[in-house]
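**Student:** Let me begin by handing over the structure; questions about it come next.
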Amino acid sequence: MAEVHVIGQIVGASGFPEHSLFCKWGVHAGGAWKILSGSREGQTQVDNPQDEQSANWSHPIDIHFSTKGLQGWPKLHFQVWHQDSYGRNELYGYGFCHVPTSPGMHSLECVTWRPAGSLREQISQYFIGGGPQLKNPDVVYTGADRYKLTTVTMGKVQLQLGIILRNFDKYGIEC
Amino acid sequence: MAGNPTVFLLMVSGQIESAEFPEFDDIYCRYCWVYGQDWVITSGLEDGITQVTKKSHDDRKLFVWNFPLEVTFKSTNPHGWPQLVVSAYGQDAFGRDVVRGYSAVHIPITPGQHTRTLPMFVPESTSKLQKFVSWFLGRRPEYVDPKVVAQGEGREVTRVRSQGKVRVSFNVVTKDMKKLGYDTTPTDAAASTQPAVTGIVPGAS
């Protein structure tokens, strides 16, 4: 059985219109993959940066997979939320990225997007916040029903991941 | 021939180099290593405290510690890979010790030289009144156990303010990871096989 270790951090985010952000993250993998240890989802702290534009989370990720096949390579998906001073949460972006397939250290930037509503919804979002959210969060990491959406670009999530693979060369996999 | 190895070793030599904290004058750091249940430190210190350093008066405005980190771990499983937790402390206007920032970073998994910049963050008071009282009494919000910063659970209820950065460099050496089947570098970049040099144990000096 081949094994994959994902050891790293969600470093932070940049390019979002406001500070005071947090991120809900999760990992999704195909049927041949099993998580042996580590949490498969989580939520970072809310960060309010003092002197920079970017939010810093330094949220550790340590997941140990075992797999019987290559299909369904794990994907990390994110929802970036903004928390204002009254404690209300507003969605700022969805994004996903695949876990890198080659062993070693990787610095990743995951782009994010937010659903855009009708003109009336955009105007009310400008004044009072809030905005449309996805009913089914699976759309973030699948392509199936994406054509129905209109979205707006938001900022980027930075990750620093170290990937350790085990026994892949025994099965003849080159990566 | 010796039996197949069941443990691998991770040796780290590095330093807590320097930091930038634009608003403060005197800073010192405490550090500790946080690791999973399958890991054990075979040599080196589990935690320590650096000297107190003052900011440089030139344009760089840098705090320099140049503090050595030398540790060797032994493990059977990469899960729970060690993290370095750094907490920075300074003195407030009344001369009391207050926390200036926490951060954590995993030791890089690939052998070689690595530099990391750790963004430091500090828990925030819940209300403006509490913020004033904590400033006045010198008891700022801090983590009871800084190791919380190295884990993901329970972080969703914390609100923090990030300020400053600490620069750390690592030199990483691993032993027997390849023999146990673990790949930490891509296959086409793997070094050509050389006869193993027996008799060298990282950490024994």
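Labeling convention for the structure tokens: chains A, B, ... as they appear, residues from 1 per chain, ligands from 1 in order of appearance.
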Got a sec: who's within 7 Å of Leu36 (chain A), counting only C-alpha atoms, leaving out chain neighbours fewer than 3 positions off, as a PyMOL selection string?

**Tutor:** chain A and resi 64-66

**Student:** Based on the selection just made, write C-alpha atoms of those residues as a PDB file, in the first residue's frame.

**Tutor:**
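Wrote it out as out.pdb, contents follow:
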```pdb
ATOM      1  CA  HIS A  64      -1.317  10.671   6.568  1.00  0.00           C
ATOM      2  CA  PHE A  65      -3.029   8.941   3.620  1.00  0.00           C
ATOM      3  CA  SER A  66      -2.829   5.387   2.408  1.00  0.00           C
TER       4      SER A  66
END
```

**Student:** Hey, which bits of chain B sit within 8 Å of chain A, and for each residue what's the closest pair of atoms and how far apart in Å (one decimal), counting only C-alpha atoms, rows by chain and increasing number, as a Markdown table?

**Tutor:**
```
| residue | atom | partner | partner_atom | distance |
| --- | --- | --- | --- | --- |
| B:Pro78 | CA | A:His5 | CA | 7.1 |
| B:His79 | CA | A:His64 | CA | 6.4 |
| B:Gly80 | CA | A:Asp62 | CA | 6.8 |
| B:Trp81 | CA | A:Ile7 | CA | 7.2 |
| B:Ser103 | CA | A:Ser58 | CA | 7.1 |
| B:Ala104 | CA | A:Ser58 | CA | 6.8 |
| B:Val105 | CA | A:Ser58 | CA | 7.4 |
| B:His106 | CA | A:Gly8 | CA | 6.3 |
| B:Pro108 | CA | A:Gly162 | CA | 7.0 |
| B:Ile109 | CA | A:Gly162 | CA | 6.0 |
| B:Thr110 | CA | A:Gly104 | CA | 5.8 |
| B:Pro119 | CA | A:Asn56 | CA | 6.6 |
| B:Phe121 | CA | A:Asn56 | CA | 7.8 |
| B:Ala150 | CA | A:Pro60 | CA | 6.5 |
| B:Gln151 | CA | A:Pro60 | CA | 6.1 |
| B:Gly152 | CA | A:Pro60 | CA | 5.8 |
| B:Glu153 | CA | A:Gly42 | CA | 7.1 |
| B:Arg155 | CA | A:Gln45 | CA | 5.0 |
| B:Glu156 | CA | A:Gln45 | CA | 4.8 |
| B:Val157 | CA | A:Gln45 | CA | 6.6 |
| B:Thr158 | CA | A:Gln45 | CA | 5.3 |
| B:Arg159 | CA | A:Val46 | CA | 4.7 |
| B:Val160 | CA | A:Asp47 | CA | 4.9 |
| B:Arg161 | CA | A:Asn48 | CA | 4.6 |
| B:Ser162 | CA | A:Pro49 | CA | 4.5 |
| B:Gln163 | CA | A:Gln50 | CA | 5.4 |
| B:Gly181 | CA | A:Arg166 | CA | 5.2 |
| B:Tyr182 | CA | A:Arg166 | CA | 4.3 |
| B:Asp183 | CA | A:Leu165 | CA | 5.1 |
| B:Thr184 | CA | A:Pro103 | CA | 4.9 |
| B:Thr185 | CA | A:Gly104 | CA | 5.0 |
| B:Pro186 | CA | A:Pro103 | CA | 5.4 |
| B:Thr187 | CA | A:Cys175 | CA | 6.5 |
```

**Student:** Interatomic distance between CA of Val139 (chain A) and CA of Pro115 (chain A)?

**Tutor:**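 Separation of CA of Val139 (chain A) and CA of Pro115 (chain A): 11.5 Å.
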
**Student:** Env of Asp26 (chain B): 10 Å cut, atoms = only C-alpha atoms, seq-sep filter 3 positions within chain, self excluded. Answer as a list in words.

**Tutor:**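 My list of contacting residues is Phe21, Val52, Thr53, Lys54, Lys55, Phe63, Tyr89, Gly90, Gln91 and Asp92 of chain B.
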
**Student:** Would you work out the distance separating CA of Pro137 (chain A) from CA of Val148 (chain B), expressed in Å to one decimal?

**Tutor:** 29.2 Å

**Student:** Between A:Lys148, A:His28, A:His77, A:His19, which is the closest to Val111 (chain A) once you count only C-alpha atoms?

**Tutor:**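 Looking only at the distances to Val111 (chain A), the closest residue turns out to be A:His77.
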
**Student:** From a DSSP pass on the backbone, collect the residues of chain A flagged as helix (DSSP H, G or I) and hand them back as a list in words.

**Tutor:**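 Going through chain A, the helix (DSSP H, G or I) residues come out as Leu119, Arg120, Glu121, Gln122, Ile123, Ser124, Gln125, Tyr126, Phe127, Ile128, Pro137, Asp138, Val139, Val140, Arg146, Tyr147, Lys148, Asp169, Lys170 and Tyr171 of chain A.
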
**Student:** In terms of the shortest atom-to-atom distance over only C-alpha atoms, which of B:Arg139, B:Val85, B:Phe170, B:Glu17 is closest to Gly112 (chain B)?

**Tutor:**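 So, comparing all the options, the nearest one is B:Phe170.
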
**Student:** What is the distance, in Å and to one decimal place, between CA of Gly93 (chain A) and CA of Trp25 (chain A)?

**Tutor:** 11.8 Å

**Student:** Identify all residues of chain A in strand (DSSP E or B) (DSSP on the backbone) and supply them as number ranges by chain.

**Tutor:** A: 2-14, 21-28, 33-37, 41-43, 46-49, 55-67, 75-83, 89-98, 104-115, 151-166

**Student:** Would you mind exporting C-alpha atoms of the selected residues as an mmCIF file, in the first residue's frame?

**Tutor:**
```
data_model
loop_
_atom_site.group_PDB
_atom_site.id
_atom_site.type_symbol
_atom_site.label_atom_id
_atom_site.label_comp_id
_atom_site.auth_asym_id
_atom_site.auth_seq_id
_atom_site.Cartn_x
_atom_site.Cartn_y
_atom_site.Cartn_z
ATOM 1 C CA ALA A 2 1.423 3.367 -0.924
ATOM 2 C CA GLU A 3 1.326 6.198 1.583
ATOM 3 C CA VAL A 4 1.352 9.977 1.291
ATOM 4 C CA HIS A 5 2.185 12.414 4.090
ATOM 5 C CA VAL A 6 1.122 16.050 3.775
ATOM 6 C CA ILE A 7 3.043 18.078 6.357
ATOM 7 C CA GLY A 8 2.854 21.853 6.242
ATOM 8 C CA GLN A 9 0.879 24.994 6.948
ATOM 9 C CA ILE A 10 -1.828 27.246 5.629
ATOM 10 C CA VAL A 11 0.438 30.278 5.881
ATOM 11 C CA GLY A 12 -2.079 33.046 5.248
ATOM 12 C CA ALA A 13 -3.973 34.995 2.631
ATOM 13 C CA SER A 14 -3.523 38.189 0.684
ATOM 14 C CA LEU A 21 -10.113 36.857 7.945
ATOM 15 C CA PHE A 22 -10.306 33.172 8.778
ATOM 16 C CA CYS A 23 -10.327 30.089 6.624
ATOM 17 C CA LYS A 24 -12.262 26.839 6.786
ATOM 18 C CA TRP A 25 -10.341 24.104 5.043
ATOM 19 C CA GLY A 26 -11.001 20.501 4.197
ATOM 20 C CA VAL A 27 -9.426 17.709 2.192
ATOM 21 C CA HIS A 28 -11.263 15.516 -0.315
ATOM 22 C CA TRP A 33 -7.688 6.829 -0.457
ATOM 23 C CA LYS A 34 -7.991 6.476 3.299
ATOM 24 C CA ILE A 35 -6.884 8.908 5.989
ATOM 25 C CA LEU A 36 -4.790 7.027 8.553
ATOM 26 C CA SER A 37 -4.150 9.970 10.872
ATOM 27 C CA GLU A 41 -10.948 19.534 8.009
ATOM 28 C CA GLY A 42 -10.494 22.480 10.284
ATOM 29 C CA GLN A 43 -10.803 26.199 10.763
ATOM 30 C CA VAL A 46 -9.195 34.971 12.896
ATOM 31 C CA ASP A 47 -6.263 37.242 12.126
ATOM 32 C CA ASN A 48 -6.215 41.010 12.107
ATOM 33 C CA PRO A 49 -2.833 42.104 10.790
ATOM 34 C CA ALA A 55 -3.704 37.698 7.029
ATOM 35 C CA ASN A 56 -1.354 35.274 8.812
ATOM 36 C CA TRP A 57 -2.777 31.999 10.036
ATOM 37 C CA SER A 58 0.225 29.591 10.297
ATOM 38 C CA HIS A 59 -2.295 26.778 10.609
ATOM 39 C CA PRO A 60 -0.552 23.360 10.709
ATOM 40 C CA ILE A 61 -1.678 20.518 8.454
ATOM 41 C CA ASP A 62 -0.418 16.973 9.074
ATOM 42 C CA ILE A 63 -2.356 14.265 7.223
ATOM 43 C CA HIS A 64 -1.317 10.671 6.568
ATOM 44 C CA PHE A 65 -3.029 8.941 3.620
ATOM 45 C CA SER A 66 -2.829 5.387 2.408
ATOM 46 C CA THR A 67 -3.944 4.567 -1.107
ATOM 47 C CA LYS A 75 -7.473 18.080 -2.997
ATOM 48 C CA LEU A 76 -7.492 20.780 -0.349
ATOM 49 C CA HIS A 77 -10.452 23.140 -0.501
ATOM 50 C CA PHE A 78 -10.860 26.444 1.303
ATOM 51 C CA GLN A 79 -13.530 28.929 2.267
ATOM 52 C CA VAL A 80 -12.180 32.305 3.317
ATOM 53 C CA TRP A 81 -14.506 34.263 5.594
ATOM 54 C CA HIS A 82 -14.379 37.770 6.978
ATOM 55 C CA GLN A 83 -15.345 38.396 10.594
ATOM 56 C CA ASN A 89 -19.195 36.327 9.304
ATOM 57 C CA GLU A 90 -19.267 37.044 5.588
ATOM 58 C CA LEU A 91 -18.059 34.738 2.854
ATOM 59 C CA TYR A 92 -15.073 36.086 0.980
ATOM 60 C CA GLY A 93 -14.008 33.298 -1.304
ATOM 61 C CA TYR A 94 -13.934 29.643 -2.274
ATOM 62 C CA GLY A 95 -10.878 27.923 -3.694
ATOM 63 C CA PHE A 96 -9.205 24.555 -4.025
ATOM 64 C CA CYS A 97 -5.845 23.147 -4.991
ATOM 65 C CA HIS A 98 -4.494 19.636 -5.445
ATOM 66 C CA GLY A 104 9.560 17.742 -1.368
ATOM 67 C CA MET A 105 8.706 21.227 -0.180
ATOM 68 C CA HIS A 106 6.187 23.259 -2.155
ATOM 69 C CA SER A 107 4.938 26.839 -1.859
ATOM 70 C CA LEU A 108 1.455 27.067 -3.266
ATOM 71 C CA GLU A 109 -0.865 29.948 -3.955
ATOM 72 C CA CYS A 110 -4.510 29.037 -4.247
ATOM 73 C CA VAL A 111 -6.714 31.563 -6.024
ATOM 74 C CA THR A 112 -10.235 32.166 -4.737
ATOM 75 C CA TRP A 113 -13.542 33.374 -6.141
ATOM 76 C CA ARG A 114 -16.904 34.416 -4.796
ATOM 77 C CA PRO A 115 -20.313 33.900 -6.422
ATOM 78 C CA THR A 151 -18.212 34.566 -10.030
ATOM 79 C CA VAL A 152 -15.984 37.424 -8.961
ATOM 80 C CA THR A 153 -12.241 37.119 -8.336
ATOM 81 C CA MET A 154 -11.023 37.443 -4.756
ATOM 82 C CA GLY A 155 -7.592 37.101 -3.126
ATOM 83 C CA LYS A 156 -5.134 34.211 -2.726
ATOM 84 C CA VAL A 157 -4.424 31.675 0.015
ATOM 85 C CA GLN A 158 -0.746 30.823 0.572
ATOM 86 C CA LEU A 159 0.319 27.330 1.615
ATOM 87 C CA GLN A 160 3.669 25.805 2.440
ATOM 88 C CA LEU A 161 3.427 22.017 2.111
ATOM 89 C CA GLY A 162 5.968 19.222 2.446
ATOM 90 C CA ILE A 163 5.038 15.978 0.704
ATOM 91 C CA ILE A 164 6.528 12.596 1.659
ATOM 92 C CA LEU A 165 5.658 9.589 -0.492
ATOM 93 C CA ARG A 166 6.220 5.999 0.531
#
```
